[in-house]
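> Contents of model_15.cif (mmCIF, C-alpha atoms):
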data_start
#
loop_
_atom_site.group_PDB
_atom_site.id
_atom_site.type_symbol
_atom_site.label_atom_id
_atom_site.label_comp_id
_atom_site.auth_asym_id
_atom_site.auth_seq_id
_atom_site.Cartn_x
_atom_site.Cartn_y
_atom_site.Cartn_z
ATOM 1 C CA MET A 1 91.019 120.005 49.950
ATOM 2 C CA THR A 2 94.658 120.155 51.058
ATOM 3 C CA LYS A 3 96.632 116.970 50.951
ATOM 4 C CA THR A 4 99.429 116.391 53.401
ATOM 5 C CA THR A 5 102.342 114.025 52.934
ATOM 6 C CA TYR A 6 102.724 111.533 55.756
ATOM 7 C CA ARG A 7 105.109 108.716 56.575
ATOM 8 C CA VAL A 8 103.960 105.623 58.441
ATOM 9 C CA SER A 9 106.245 105.779 61.472
ATOM 10 C CA GLY A 10 104.538 103.109 63.555
ATOM 11 C CA GLU A 11 105.222 99.409 63.390
ATOM 12 C CA THR A 12 101.820 98.590 61.920
ATOM 13 C CA PRO A 13 100.259 99.563 58.578
ATOM 14 C CA PHE A 14 98.157 102.707 58.622
ATOM 15 C CA ASP A 15 95.292 103.530 56.280
ATOM 16 C CA GLY A 16 96.456 100.870 53.825
ATOM 17 C CA HIS A 17 100.097 101.977 53.855
ATOM 18 C CA GLN A 18 103.018 99.948 55.127
ATOM 19 C CA PRO A 19 105.493 101.067 57.820
ATOM 20 C CA GLY A 20 108.035 103.464 56.316
ATOM 21 C CA GLU A 21 105.839 104.242 53.327
ATOM 22 C CA GLU A 22 104.995 107.842 52.437
ATOM 23 C CA PHE A 23 101.530 108.780 51.262
ATOM 24 C CA ASP A 24 99.462 111.838 50.439
ATOM 25 C CA ALA A 25 96.092 112.146 52.108
ATOM 26 C CA ASP A 26 93.507 114.543 53.430
ATOM 27 C CA LEU A 27 92.951 112.889 56.787
ATOM 28 C CA ASP A 28 90.221 113.902 59.191
ATOM 29 C CA ALA A 29 91.730 116.381 61.669
ATOM 30 C CA ASP A 30 90.882 114.308 64.738
ATOM 31 C CA LEU A 31 92.136 111.101 63.140
ATOM 32 C CA GLU A 32 95.363 112.867 62.171
ATOM 33 C CA GLU A 33 95.850 114.188 65.702
ATOM 34 C CA ARG A 34 95.375 110.745 67.272
ATOM 35 C CA ALA A 35 97.652 109.081 64.734
ATOM 36 C CA LEU A 36 100.387 111.666 65.292
ATOM 37 C CA GLU A 37 100.104 111.414 69.080
ATOM 38 C CA ARG A 38 100.475 107.647 69.164
ATOM 39 C CA GLY A 39 103.240 107.699 66.574
ATOM 40 C CA SER A 40 101.422 105.857 63.808
ATOM 41 C CA ILE A 41 102.369 108.572 61.319
ATOM 42 C CA GLU A 42 104.538 111.658 61.012
ATOM 43 C CA ILE A 43 104.166 114.637 58.733
ATOM 44 C CA VAL A 44 106.681 114.847 55.895
ATOM 45 C CA LYS A 45 105.188 117.808 54.068
ATOM 46 C CA GLY A 46 102.408 120.069 55.224
ATOM 47 C CA THR A 47 101.090 121.213 58.588
ATOM 48 C CA LYS A 48 99.058 119.715 61.387
ATOM 49 C CA LYS A 49 95.380 120.273 60.748
ATOM 50 C CA LYS A 50 94.391 120.651 64.384
ATOM 51 C CA GLU A 51 96.711 123.639 64.864
ATOM 52 C CA VAL A 52 95.338 125.232 61.703
ATOM 53 C CA LYS A 53 91.784 124.733 62.964
ATOM 54 C CA ASP A 54 92.530 126.100 66.428
ATOM 55 C CA ASP A 55 94.060 129.231 64.940
ATOM 56 C CA GLU A 56 90.939 129.971 62.913
ATOM 57 C CA MET B 57 80.456 79.207 49.270
ATOM 58 C CA SER B 58 83.299 77.099 50.461
ATOM 59 C CA LYS B 59 84.325 76.613 54.052
ATOM 60 C CA ARG B 60 87.366 78.492 55.216
ATOM 61 C CA VAL B 61 90.100 78.441 57.758
ATOM 62 C CA ALA B 62 90.503 81.904 59.241
ATOM 63 C CA LEU B 63 94.051 82.974 58.425
ATOM 64 C CA LYS B 64 93.974 86.171 56.424
ATOM 65 C CA ASP B 65 91.449 88.285 58.272
ATOM 66 C CA SER B 66 91.826 92.027 58.310
ATOM 67 C CA VAL B 67 91.235 93.979 61.525
ATOM 68 C CA LYS B 68 91.529 97.754 61.486
ATOM 69 C CA VAL B 69 90.964 100.169 64.345
ATOM 70 C CA ASP B 70 91.145 103.922 63.823
ATOM 71 C CA SER B 71 92.839 103.299 60.433
ATOM 72 C CA VAL B 72 95.575 101.199 62.061
ATOM 73 C CA ASP B 73 95.941 97.708 60.642
ATOM 74 C CA LEU B 74 96.096 95.447 63.693
ATOM 75 C CA SER B 75 95.472 92.256 61.721
ATOM 76 C CA ASN B 76 98.771 90.651 62.653
ATOM 77 C CA LEU B 77 98.196 91.479 66.307
ATOM 78 C CA ALA B 78 94.730 89.922 66.430
ATOM 79 C CA ARG B 79 93.766 86.264 66.434
ATOM 80 C CA ALA B 80 90.008 86.107 66.967
ATOM 81 C CA VAL B 81 87.014 88.242 66.072
ATOM 82 C CA ARG B 82 83.399 87.804 67.133
ATOM 83 C CA LEU B 83 80.438 90.005 66.227
ATOM 84 C CA SER B 84 77.456 90.138 68.516
ATOM 85 C CA SER B 85 74.282 91.731 67.161
ATOM 86 C CA GLU B 86 71.166 91.258 69.193
ATOM 87 C CA HIS B 87 67.681 92.748 68.957
ATOM 88 C CA GLU B 88 65.847 93.086 72.213
ATOM 89 C CA ARG B 89 62.932 90.649 72.265
ATOM 90 C CA VAL B 90 59.886 92.630 73.390
ATOM 91 C CA ASP B 91 56.948 90.655 74.686
ATOM 92 C CA VAL B 92 53.729 91.949 73.130
ATOM 93 C CA SER B 93 51.639 88.938 74.031
ATOM 94 C CA GLY B 94 47.929 89.336 74.501
ATOM 95 C CA PHE B 95 45.233 86.895 75.401
ATOM 96 C CA SER B 96 44.935 84.220 72.764
ATOM 97 C CA ALA B 97 43.351 80.834 72.206
ATOM 98 C CA THR B 98 46.745 79.106 72.033
ATOM 99 C CA GLY B 99 48.394 80.928 74.905
ATOM 100 C CA ALA B 100 51.512 81.337 72.793
ATOM 101 C CA ASN B 101 53.715 84.344 73.372
ATOM 102 C CA GLU B 102 54.122 87.017 70.736
ATOM 103 C CA TYR B 103 57.258 89.092 70.335
ATOM 104 C CA LEU B 104 58.534 92.075 68.416
ATOM 105 C CA ALA B 105 62.141 92.966 67.769
ATOM 106 C CA GLY B 106 63.130 95.965 69.844
ATOM 107 C CA SER B 107 66.313 97.956 70.137
ATOM 108 C CA THR B 108 69.580 96.529 68.845
ATOM 109 C CA GLU B 109 72.759 96.019 70.863
ATOM 110 C CA GLN B 110 75.916 95.421 68.841
ATOM 111 C CA SER B 111 79.520 94.794 69.717
ATOM 112 C CA VAL B 112 82.619 93.140 68.325
ATOM 113 C CA THR B 113 85.043 91.299 70.558
ATOM 114 C CA VAL B 114 88.605 90.893 69.324
ATOM 115 C CA GLU B 115 91.366 88.900 70.956
ATOM 116 C CA PHE B 116 94.589 90.841 70.567
ATOM 117 C CA TYR B 117 98.192 90.063 71.297
ATOM 118 C CA GLY B 118 99.584 92.458 73.858
ATOM 119 C CA ALA B 119 102.083 94.604 71.959
ATOM 120 C CA TYR B 120 103.444 97.857 73.274
ATOM 121 C CA GLY B 121 105.405 99.271 70.331
ATOM 122 C CA THR B 122 104.643 102.452 68.435
ATOM 123 C CA GLY B 123 101.290 102.192 66.724
ATOM 124 C CA GLU B 124 100.718 98.680 68.023
ATOM 125 C CA THR B 125 97.875 97.273 70.105
ATOM 126 C CA HIS B 126 98.208 99.248 73.315
ATOM 127 C CA ALA B 127 99.270 102.498 71.647
ATOM 128 C CA THR B 128 96.212 102.303 69.415
ATOM 129 C CA LEU B 129 93.570 101.105 71.856
ATOM 130 C CA TYR B 130 94.382 102.773 75.152
ATOM 131 C CA PRO B 131 93.972 106.395 73.939
ATOM 132 C CA ILE B 132 90.637 105.462 72.399
ATOM 133 C CA HIS B 133 89.472 104.153 75.758
ATOM 134 C CA LYS B 134 91.081 106.886 77.881
ATOM 135 C CA ASN B 135 89.789 109.778 75.795
ATOM 136 C CA ARG B 136 86.338 108.259 75.166
ATOM 137 C CA THR B 137 87.069 108.516 71.459
ATOM 138 C CA VAL B 138 84.700 107.347 68.765
ATOM 139 C CA ALA B 139 86.850 105.521 66.222
ATOM 140 C CA ALA B 140 86.290 103.505 63.078
ATOM 141 C CA PHE B 141 86.448 99.707 63.194
ATOM 142 C CA ALA B 142 86.596 97.326 60.230
ATOM 143 C CA TRP B 143 86.933 93.568 59.847
ATOM 144 C CA ARG B 144 86.805 91.401 56.759
ATOM 145 C CA PRO B 145 87.647 87.739 56.178
ATOM 146 C CA ASP B 146 90.395 88.169 53.581
ATOM 147 C CA GLN B 147 92.857 91.052 53.699
ATOM 148 C CA THR B 148 94.390 90.011 50.373
ATOM 149 C CA ALA B 149 91.125 90.467 48.473
ATOM 150 C CA VAL B 150 89.030 93.543 47.885
ATOM 151 C CA VAL B 151 85.728 94.024 49.651
ATOM 152 C CA GLY B 152 82.938 92.295 47.767
ATOM 153 C CA PRO B 153 79.952 89.990 48.129
ATOM 154 C CA THR B 154 82.237 87.064 49.004
ATOM 155 C CA ASN B 155 84.505 89.180 51.203
ATOM 156 C CA PRO B 156 82.141 91.480 53.094
ATOM 157 C CA GLU B 157 83.588 94.055 55.441
ATOM 158 C CA LEU B 158 82.036 94.775 58.806
ATOM 159 C CA ARG B 159 82.288 98.480 59.579
ATOM 160 C CA GLY B 160 81.156 100.680 62.396
ATOM 161 C CA ASN B 161 82.090 103.537 64.669
ATOM 162 C CA VAL B 162 82.998 102.211 68.065
ATOM 163 C CA GLN B 163 83.801 103.120 71.624
ATOM 164 C CA LEU B 164 85.882 101.202 74.121
ATOM 165 C CA TYR B 165 84.058 101.296 77.430
ATOM 166 C CA THR B 166 86.282 98.658 78.978
ATOM 167 C CA TYR B 167 89.994 98.115 78.484
ATOM 168 C CA GLY B 168 91.855 95.482 80.434
ATOM 169 C CA PRO B 169 95.247 94.260 79.258
ATOM 170 C CA GLY B 170 97.199 91.951 81.522
ATOM 171 C CA SER B 171 99.629 89.087 81.509
ATOM 172 C CA THR B 172 100.349 85.697 82.999
ATOM 173 C CA ARG B 173 103.874 84.443 83.608
ATOM 174 C CA GLY B 174 105.073 82.162 80.859
ATOM 175 C CA GLU B 175 102.001 82.597 78.691
ATOM 176 C CA THR B 176 101.379 84.490 75.493
ATOM 177 C CA ASP B 177 100.202 87.994 76.261
ATOM 178 C CA THR B 178 96.689 88.242 74.838
ATOM 179 C CA TYR B 179 93.554 90.010 75.931
ATOM 180 C CA GLU B 180 90.047 90.516 74.654
ATOM 181 C CA VAL B 181 88.718 93.924 73.747
ATOM 182 C CA THR B 182 85.044 94.615 73.150
ATOM 183 C CA PHE B 183 84.142 97.397 70.754
ATOM 184 C CA ASN B 184 80.623 98.710 71.223
ATOM 185 C CA ALA B 185 78.748 100.387 68.397
ATOM 186 C CA ALA B 186 78.855 104.113 69.076
ATOM 187 C CA ASP B 187 76.152 105.577 66.881
ATOM 188 C CA ALA B 188 72.814 104.864 65.255
ATOM 189 C CA ALA B 189 74.436 103.388 62.154
ATOM 190 C CA GLY B 190 75.701 100.467 64.221
ATOM 191 C CA PHE B 191 77.762 97.720 62.640
ATOM 192 C CA GLN B 192 76.967 96.844 59.065
ATOM 193 C CA PHE B 193 78.456 94.529 56.468
ATOM 194 C CA PHE B 194 79.499 96.269 53.262
ATOM 195 C CA THR B 195 80.060 94.450 49.997
ATOM 196 C CA ALA B 196 81.552 97.350 48.042
#
So that I can check it, write out the structure of this file as structure tokens.

Amino acid sequence: MTKTTYRVSGETPFDGHQPGEEFDADLDADLEERALERGSIEIVKGTKKKEVKDDE
Amino acid sequence: MSKRVALKDSVKVDSVDLSNLARAVRLSSEHERVDVSGFSATGANEYLAGSTEQSVTVEFYGAYGTGETHATLYPIHKNRTVAAFAWRPDQTAVVGPTNPELRGNVQLYTYGPGSTRGETDTYEVTFNAADAAGFQFFTA
């Protein structure tokens, strides 16, 4: 299990974390992709899971 | 149990907390009523509970910022995504027997935001249960 560090970049709380807050999580790859696309979160440390999966 | 005024409800869609952008929630859970009546002395009908249709309708405020109502809901509808939905009466308290959380995986078959001049921008969104688990209340 690889945890990624995210920041809540949207204007609404995400996964129990407030806007601007950083958190470590092992999000589902599809959930992460949707959240990144709509701007709910951004990656602070780590890599996008979907890209890692597609490369496999 | 005491009565309550709905003020602190929690509404989450695809892990996004849309509580402050929602103002009404209504669960609909209905078993099909299957008529299995046969001849009888009383003539009364007999029924069995059949398949179950479940949905949750939420009235949202139209909000078009990053991660807000439209940004969260429209991609779910457009991409036919199955996403997690959760609602509980009190967002300030943990899930428990007196604060049960309704959870389910949902799809958005219909999405229809709009607006009327001079009025608050709100619209209803109906989340349909997307898998066999349906909507269930959890107390832990």
> State, in Å with one decimal place, the distance from CA of Arg173 in chain B to CA of Glu115 in chain B.
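So the two atoms, CA of Arg173 in chain B and CA of Glu115 in chain B, lie 18.3 Å apart.
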> Please list as a PyMOL selection string every residue within 7 Å of range 145-148 of chain B, counting all atoms listed in the file and excluding residues in the same chain fewer than 3 positions away.
chain B and resi 64-66+155
> Take the residues that were just selected and, keeping C-alpha atoms, output them as a short mmCIF file (atom, residue, chain, number, x, y, z; two decimals), keeping the file's coordinate frame.

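Contents of out10.cif, as written:
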data_model
loop_
_atom_site.label_atom_id
_atom_site.label_comp_id
_atom_site.auth_asym_id
_atom_site.auth_seq_id
_atom_site.Cartn_x
_atom_site.Cartn_y
_atom_site.Cartn_z
CA LYS B 64 93.97 86.17 56.42
CA ASP B 65 91.45 88.28 58.27
CA SER B 66 91.83 92.03 58.31
CA ASN B 155 84.50 89.18 51.20
#
> Quick check, in Å to one decimal: how far apart do CA of Val8 in chain A and CA of Phe23 in chain A lie?
8.2 Å
> For the file shown, what are the residues hit by the PyMOL selection byres ((chain A) within 7 of (chain B)), laid out as a PyMOL selection string?
chain A and resi 10-15+38-40
> Do you know which residues the PyMOL selection byres ((chain A and resi 33) around 12) returns on this file, as a ChimeraX atom specification?
/A:27-32,34-43,47-53 /B:70,131,137
> Figure out the distance between CA of Phe194 in chain B and CA of Val90 in chain B, please, to one decimal in Å.
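Atom-to-atom, CA of Val90 in chain B to CA of Phe194 in chain B, that is 28.3 Å.
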> Quick one: which range 83-179 of chain B residues come within 10 Å of range 184-189 of chain B, and what is the nearest atom pair for each with the distance in Å to one decimal, counting all atoms listed in the file, rows ordered by chain and ascending number, as CSV?

residue,atom,partner,partner_atom,distance
B:Ser84,CA,B:Asn184,CA,9.5
B:Ser85,CA,B:Ala185,CA,9.8
B:Thr108,CA,B:Ala188,CA,9.6
B:Glu109,CA,B:Ala185,CA,7.8
B:Gln110,CA,B:Ala185,CA,5.7
B:Ser111,CA,B:Asn184,CA,4.3
B:Val112,CA,B:Asn184,CA,6.6
B:Thr113,CA,B:Asn184,CA,8.7
B:Thr137,CA,B:Ala186,CA,9.6
B:Val138,CA,B:Ala186,CA,6.7
B:Ala139,CA,B:Ala186,CA,8.6
B:Ala140,CA,B:Ala186,CA,9.6
B:Phe141,CA,B:Ala185,CA,9.3
B:Arg159,CA,B:Ala189,CA,9.6
B:Gly160,CA,B:Ala185,CA,6.5
B:Asn161,CA,B:Ala186,CA,5.5
B:Val162,CA,B:Ala185,CA,4.6
B:Gln163,CA,B:Asn184,CA,5.5
B:Leu164,CA,B:Asn184,CA,6.5
B:Tyr165,CA,B:Asn184,CA,7.6
B:Thr166,CA,B:Asn184,CA,9.6
> Any chance you could export the current selection's C-alpha atoms as a short mmCIF file (atom, residue, chain, number, x, y, z; two decimals), in the frame of the given file?

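Listed below is the output, selection.cif:
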data_model
loop_
_atom_site.label_atom_id
_atom_site.label_comp_id
_atom_site.auth_asym_id
_atom_site.auth_seq_id
_atom_site.Cartn_x
_atom_site.Cartn_y
_atom_site.Cartn_z
CA SER B 84 77.46 90.14 68.52
CA SER B 85 74.28 91.73 67.16
CA THR B 108 69.58 96.53 68.84
CA GLU B 109 72.76 96.02 70.86
CA GLN B 110 75.92 95.42 68.84
CA SER B 111 79.52 94.79 69.72
CA VAL B 112 82.62 93.14 68.32
CA THR B 113 85.04 91.30 70.56
CA THR B 137 87.07 108.52 71.46
CA VAL B 138 84.70 107.35 68.76
CA ALA B 139 86.85 105.52 66.22
CA ALA B 140 86.29 103.50 63.08
CA PHE B 141 86.45 99.71 63.19
CA ARG B 159 82.29 98.48 59.58
CA GLY B 160 81.16 100.68 62.40
CA ASN B 161 82.09 103.54 64.67
CA VAL B 162 83.00 102.21 68.06
CA GLN B 163 83.80 103.12 71.62
CA LEU B 164 85.88 101.20 74.12
CA TYR B 165 84.06 101.30 77.43
CA THR B 166 86.28 98.66 78.98
#
> Given the file shown, determine the residues that the PyMOL selection byres ((chain B and resi 114) around 7) selects; report them as a PyMOL selection string.
chain B and resi 78+80-82+112-113+115-116+180-182
> Box in all listed atoms of range 39-44 of chain A, axis-aligned, with 5 Å more on each side; write out centre and edge lengths in Å to one decimal as lines of an AutoDock Vina configuration file.

center_x = 104.1
center_y = 110.4
center_z = 61.2
size_x = 15.3
size_y = 19.0
size_z = 20.7
> From the options B:His133, B:Lys59, B:Phe191, B:Gly152, which residue's atoms come nearest to Gly168 in chain B, counting only C-alpha atoms?
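Once distances to Gly168 in chain B are computed over only C-alpha atoms, the minimum belongs to B:His133.
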> Counting only C-alpha atoms, which of B:Gly106, B:Ala142, B:Arg79, B:Gly99 gets nearest to Leu63 in chain B?
B:Arg79
